[in-house]
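Structure first, commentary second.
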Amino acid sequence: MTPPRVSVHRARRRFTALTVLALVSTFALPVLSASPAAAATPLRTLAAAKGKFIGFAAATSPLANEAAYRTIAQTEFNQITAENAMKWDATEPSDNSWNFSGADQIVNFAVANNQAVHGHTLVWHSQTPGWVQGLGATAMRTAMQDHITTLVGRYASNTALQSWDVVNEVFEENGSFRSSFWYNTLGQSFIADAFRYARAADPDAKLCINDYNVEGINAKSTAMYNLVQSLRAQNVPVDCVGFQGHLATQYGFPSDLQQNMARFAALGVQVRVTELDVRILTPRTSAKDTVQAQYYTNVVNACLAVTACAGITIWGFTDKYSWVPDTFPSEGFALPYDSSYAVKPAYTAINTALGGSPNNDTQAPTTPGTPTASGVTSSGVTLSWTASTDNVGVSGYDILRAPGTSGGSFAQVGTSTTTSFSDTGLSASTSYRYQVRARDAAGNVSAASSAVTVTTTGGGTGGGCSVTAAVQTQWSGGYVIQPVTVTNTGTSAISSWTVTFTLPSGHALVGQWNGVITVSGGTGTAKNANYNGALAPGQSTTFGFQVSRPSSDNSTASGFTCATP
Ligand code: 9MR
């Protein structure tokens with residue numbers, strides 16, 4: 001047995017503007033574990049891969065007016081329930097006087113975003129206008145039939161509208177029928193009648209009975225179980241059972257949720273979690289966020305474990321719009337996004353339980369090492385570089401290329417999941433610059449590495465050489481070019497080589513090794529040392545040098561070319 005939970009239908013408290021202000025300032029916390037919407041795989045993608053829906057209850061005003069709300073609504077969810085817009089007081093406020101504006105708005109949004117709609121709710125004791133409540137038995141039954149026929153009929157041919165809560169909250173906590181005006185006027189037959197009217201109006205929709213505090217196995221859920229069994233035995237078209245899932249961390253998790261779902265599933269009905277939220281006692285803390293996240297995990301796991309569980313609808317998604325604080329003044333923060341639309345640990349929990357690997361990661365990988373070039377030919381080059389590191393893990397590298405030895409702009413020419421990349425299709429005797437940058441799974445991108453300049457060979461045979469150069473390190477007053485790699489790209493040995501490069505004005509050579517470098521005007525000329533001029537075909541050697549430059553200047557030597565005289 002789960003501990004008793006407080007009714008979700010305690011009278012709503014009306015707040016004065018002053019009270020609301022006081023609450024806002026009491027609740028104004030430093031942001032806890034919330035971060036900008038993670039670049040995680042959306043919940044709807046993950047849920048669909050598991051054959052489940054993941055939905056939310058939509059409020060019409062932010063859906064119409066807030067881009068941030070809409071973006072999350074369409075990106076993350078593949079199912080929508082109208083939080084209030086399809087209820088009786090919204091759709092038929094007086095007898096046969098209809099208002100479908102909110103209902104249509106939600107259905108249209110769902111159609112536009114390839115989402116299923118769950119109609120909520122046809123026959124309920126709450127949010128039903130007084131004109132219905134005061135009717136005698138015959139007129140009340142007729143009003144119920146008219147309401148169901150018109151509302152369900154309106155969307156029956158719309159493939160987005162896939163299911164309805166036909167009757168809602170018909171039990172008391174002890175499992176007896178709720179003493180509502182429906183029951184008191186019509187007796188329990190109103191339930192079977194409602195299902196039959198709904199089936200007649202839409203033969204394809206899944207027809208559900210829905211309630212709260214029925215997540216675990218208890219007197220109320222057992223009464224519901226018995227009713228569903230008995231209705232189905234009488235061929236009443238009950239297809240589905242909704243467990244609302246208004247949970248609160250202070251009452252503990254209904255650990256027999258999965259078992260409870262499974263016993264309903266064995267009756268042949270679909271089950272679903274229809275109104276999930278997990279409220280906490282204010283103030284919000286990270287410890288409470290963690291407990292709340294675990295509850296969300298548990299619900300997702302239970303649904304995944306029961307084949308007949310079609311999916312989960314969260315009752316909203318942002319703490320900005322939640323029924324909880326209005327009903328339970330010292331409780332709230334029940335949803336997976338905070339009131340600024342940042343994800344909370346609960347979001348991460350749902351995403352993870354659905355098989356995603358979100359990490360709320362905003363830290364970019366470190367910058368990769370300057371690429372070095374090898375295997376330079378007349379049309380290609382192989383680049384390799386030192387790996388980046390990342391707090392979560394590097395998922396790959398982008399390879400960027402710019403034309404020439406300076407100027408132009410870098411454009412991405414490929415990606416690699418290793419620390420090397422071969423570029424092909426280059427022009428002979430042409431210079432290119434390459435940079436690499438790293439990505440992580442959350443989409444964070446590192447800075448681009450320093451560039452290496454590559455000059456393709458002339459494409460002929462015989463002696464020839466290529467050169468690549470990398471900036472090993474730099475500071476405000478200078479830099480080191482190392483290694484400059486000279487490769488014999490020909491088919492016969494060479495005995496000497498000459499590399500030329502451009503030194504920007506104000507740059508001066510202050511050190512060199514493994515080569516003999518002279519500078520004249522803005523051109524550097526490097527000849528081999530007496531021990532590294534001889535290179536067999538394919539063989540490489542390296543040299544390097546150090547340059548001083550004005551502290552305001554961050555350019556480096558460029559335009560390396562190689563010749564074999
Ligand atoms: O979230 C709904 C809130 O905006 C309404 O004021 C309230 C009126 O009763 O209904 C809320 O939604 C309820 C749902 O329709 C049925 N199950 C309980 C939900 C929370 O009260």
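Ligands are numbered from 1 in the order shown, residues from 1 within each chain, and chains are lettered A, B, ... in the order they appear in the structure tokens.
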May I have the residues within 8 Å of ligand 1, computed using only C-alpha atoms and all ligand atoms, as a VMD selection string?
chain A and resid 8 to 9 12 57 59 83 to 84 87 120 to 121 126 to 127 168 to 169 211 to 212 244 246 275 315 322 to 324 327
Skipping near chain neighbours, those fewer than 2 positions away, what residues fall within 9 Å of Ala265 in chain A using only C-alpha atoms, listed as a ChimeraX atom specification?
/A:240-241,260-263,267-271,306-309
Which of these residues is nearest to Ala233 in chain A, using only C-alpha atoms: A:Val519, A:Ala346, A:Leu161, A:Ala192?
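Looking at the shortest contact to Ala233 in chain A, the residue is A:Ala192.
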List every residue of range 213-443 of chain A that DSSP, applied to the backbone, labels as strand (DSSP E or B), and write the result as a PyMOL selection string.
chain A and resi 240-243+246-248+270-281+309-314+318+331-332+337+343+372-374+381-384+394-403+411-416+420-423+431-440
Could you give me, as a PDB file with N, CA and C atoms, in the first residue's frame, the residues within 6 Å of range 364-376 of chain A, counting only C-alpha atoms and dropping anything in the same chain fewer than 4 positions from it?
ATOM      1  N   GLY A 380      46.109  15.575 -52.735  1.00  0.00           N
ATOM      2  CA  GLY A 380      45.577  15.236 -51.417  1.00  0.00           C
ATOM      3  C   GLY A 380      46.609  15.373 -50.325  1.00  0.00           C
ATOM      4  N   VAL A 381      46.116  15.255 -49.097  1.00  0.00           N
ATOM      5  CA  VAL A 381      46.979  15.358 -47.932  1.00  0.00           C
ATOM      6  C   VAL A 381      46.310  14.603 -46.780  1.00  0.00           C
ATOM      7  N   THR A 382      47.130  14.049 -45.905  1.00  0.00           N
ATOM      8  CA  THR A 382      46.590  13.452 -44.685  1.00  0.00           C
ATOM      9  C   THR A 382      47.012  14.322 -43.502  1.00  0.00           C
ATOM     10  N   LEU A 383      46.011  14.669 -42.706  1.00  0.00           N
ATOM     11  CA  LEU A 383      46.261  15.511 -41.540  1.00  0.00           C
ATOM     12  C   LEU A 383      46.128  14.657 -40.293  1.00  0.00           C
ATOM     13  N   SER A 384      46.942  14.946 -39.294  1.00  0.00           N
ATOM     14  CA  SER A 384      46.710  14.318 -37.993  1.00  0.00           C
ATOM     15  C   SER A 384      47.024  15.336 -36.916  1.00  0.00           C
ATOM     16  N   TRP A 385      46.430  15.143 -35.755  1.00  0.00           N
ATOM     17  CA  TRP A 385      46.548  16.161 -34.712  1.00  0.00           C
ATOM     18  C   TRP A 385      46.438  15.519 -33.351  1.00  0.00           C
ATOM     19  N   THR A 386      46.839  16.261 -32.355  1.00  0.00           N
ATOM     20  CA  THR A 386      46.739  15.776 -30.983  1.00  0.00           C
ATOM     21  C   THR A 386      45.304  15.944 -30.502  1.00  0.00           C
ATOM     22  N   ALA A 387      44.777  14.905 -29.856  1.00  0.00           N
ATOM     23  CA  ALA A 387      43.377  14.883 -29.451  1.00  0.00           C
ATOM     24  C   ALA A 387      43.035  16.008 -28.470  1.00  0.00           C
ATOM     25  N   SER A 388      41.785  16.446 -28.536  1.00  0.00           N
ATOM     26  CA  SER A 388      41.233  17.330 -27.518  1.00  0.00           C
ATOM     27  C   SER A 388      40.781  16.488 -26.337  1.00  0.00           C
ATOM     28  N   THR A 389      40.591  17.137 -25.213  1.00  0.00           N
ATOM     29  CA  THR A 389      39.962  16.457 -24.086  1.00  0.00           C
ATOM     30  C   THR A 389      38.654  17.168 -23.785  1.00  0.00           C
ATOM     31  N   ASP A 390      37.757  16.479 -23.076  1.00  0.00           N
ATOM     32  CA  ASP A 390      36.445  17.046 -22.790  1.00  0.00           C
ATOM     33  C   ASP A 390      35.930  16.452 -21.489  1.00  0.00           C
ATOM     34  N   ASN A 444      28.735  21.047 -28.062  1.00  0.00           N
ATOM     35  CA  ASN A 444      29.705  22.101 -27.758  1.00  0.00           C
ATOM     36  C   ASN A 444      30.896  21.959 -28.693  1.00  0.00           C
ATOM     37  N   VAL A 445      31.416  23.089 -29.151  1.00  0.00           N
ATOM     38  CA  VAL A 445      32.495  23.085 -30.141  1.00  0.00           C
ATOM     39  C   VAL A 445      33.688  23.838 -29.574  1.00  0.00           C
ATOM     40  N   SER A 446      34.872  23.286 -29.755  1.00  0.00           N
ATOM     41  CA  SER A 446      36.088  23.940 -29.271  1.00  0.00           C
ATOM     42  C   SER A 446      36.476  25.087 -30.190  1.00  0.00           C
ATOM     43  N   ALA A 447      37.475  25.858 -29.763  1.00  0.00           N
ATOM     44  CA  ALA A 447      38.095  26.817 -30.668  1.00  0.00           C
ATOM     45  C   ALA A 447      38.809  26.032 -31.766  1.00  0.00           C
ATOM     46  N   SER A 449      41.920  24.992 -34.041  1.00  0.00           N
ATOM     47  CA  SER A 449      43.359  24.891 -33.810  1.00  0.00           C
ATOM     48  C   SER A 449      44.099  25.942 -34.630  1.00  0.00           C
ATOM     49  N   SER A 450      45.370  26.100 -34.368  1.00  0.00           N
ATOM     50  CA  SER A 450      46.211  26.871 -35.279  1.00  0.00           C
ATOM     51  C   SER A 450      46.208  26.163 -36.632  1.00  0.00           C
TER      52      SER A 450
END
Leu354 in chain A environment, 7 Å, only C-alpha atoms, sequence neighbours closer than 4 positions dropped, as an mmCIF file with C-alpha atoms, in the first residue's frame:
data_model
loop_
_atom_site.group_PDB
_atom_site.id
_atom_site.type_symbol
_atom_site.label_atom_id
_atom_site.label_comp_id
_atom_site.auth_asym_id
_atom_site.auth_seq_id
_atom_site.Cartn_x
_atom_site.Cartn_y
_atom_site.Cartn_z
ATOM 1 C CA LEU A 46 13.760 8.693 -27.736
ATOM 2 C CA ALA A 47 10.209 7.747 -26.761
ATOM 3 C CA ILE A 350 13.375 11.377 -18.237
#
How far is it from CA of Leu122 in chain A to CA of Ala143 in chain A, in Å with one decimal?
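We find that CA of Leu122 in chain A and CA of Ala143 in chain A lie 11.5 Å from each other.
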For the atom pair CA of Leu426 in chain A and CA of Thr502 in chain A, what is the interatomic distance in Å to one decimal place?
22.4 Å
So how many Å separate CA of Gly524 in chain A and CA of Gly407 in chain A, to one decimal?
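Those two atoms sit 19.2 Å apart.
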For Lys220 in chain A, which residue among A:Pro203, A:Gly175, A:Gly464, A:Gly515 is the nearest when counting only C-alpha atoms?
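Between A:Pro203, A:Gly175, A:Gly464, A:Gly515, the residue approaching Lys220 in chain A most closely is A:Gly175.
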May I have all residues of range 256-409 of chain A that DSSP, computed from the backbone, assigns to alpha helix (DSSP H), given as a ChimeraX atom specification?
/A:257-265,286-305,324-327,345-353
Within 10 Å of Asp104 in chain A, counting only C-alpha atoms, which residues show up once you throw out same-chain ones fewer than 4 positions away? Write them as a list of chain:residue names, please.
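With the cut-off at 10 Å, the set is A:Ala85, A:Met86, A:Asn99, A:Phe100, A:Asn108, A:Phe109, A:Ala110, A:Arg154, A:Tyr155.
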Restricting the calculation to only C-alpha atoms: of A:Gln435, A:Thr456, A:Thr274, A:Thr362, which residue gets closest to Gly311 in chain A?
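Closest to Gly311 in chain A of all the choices is A:Thr274.
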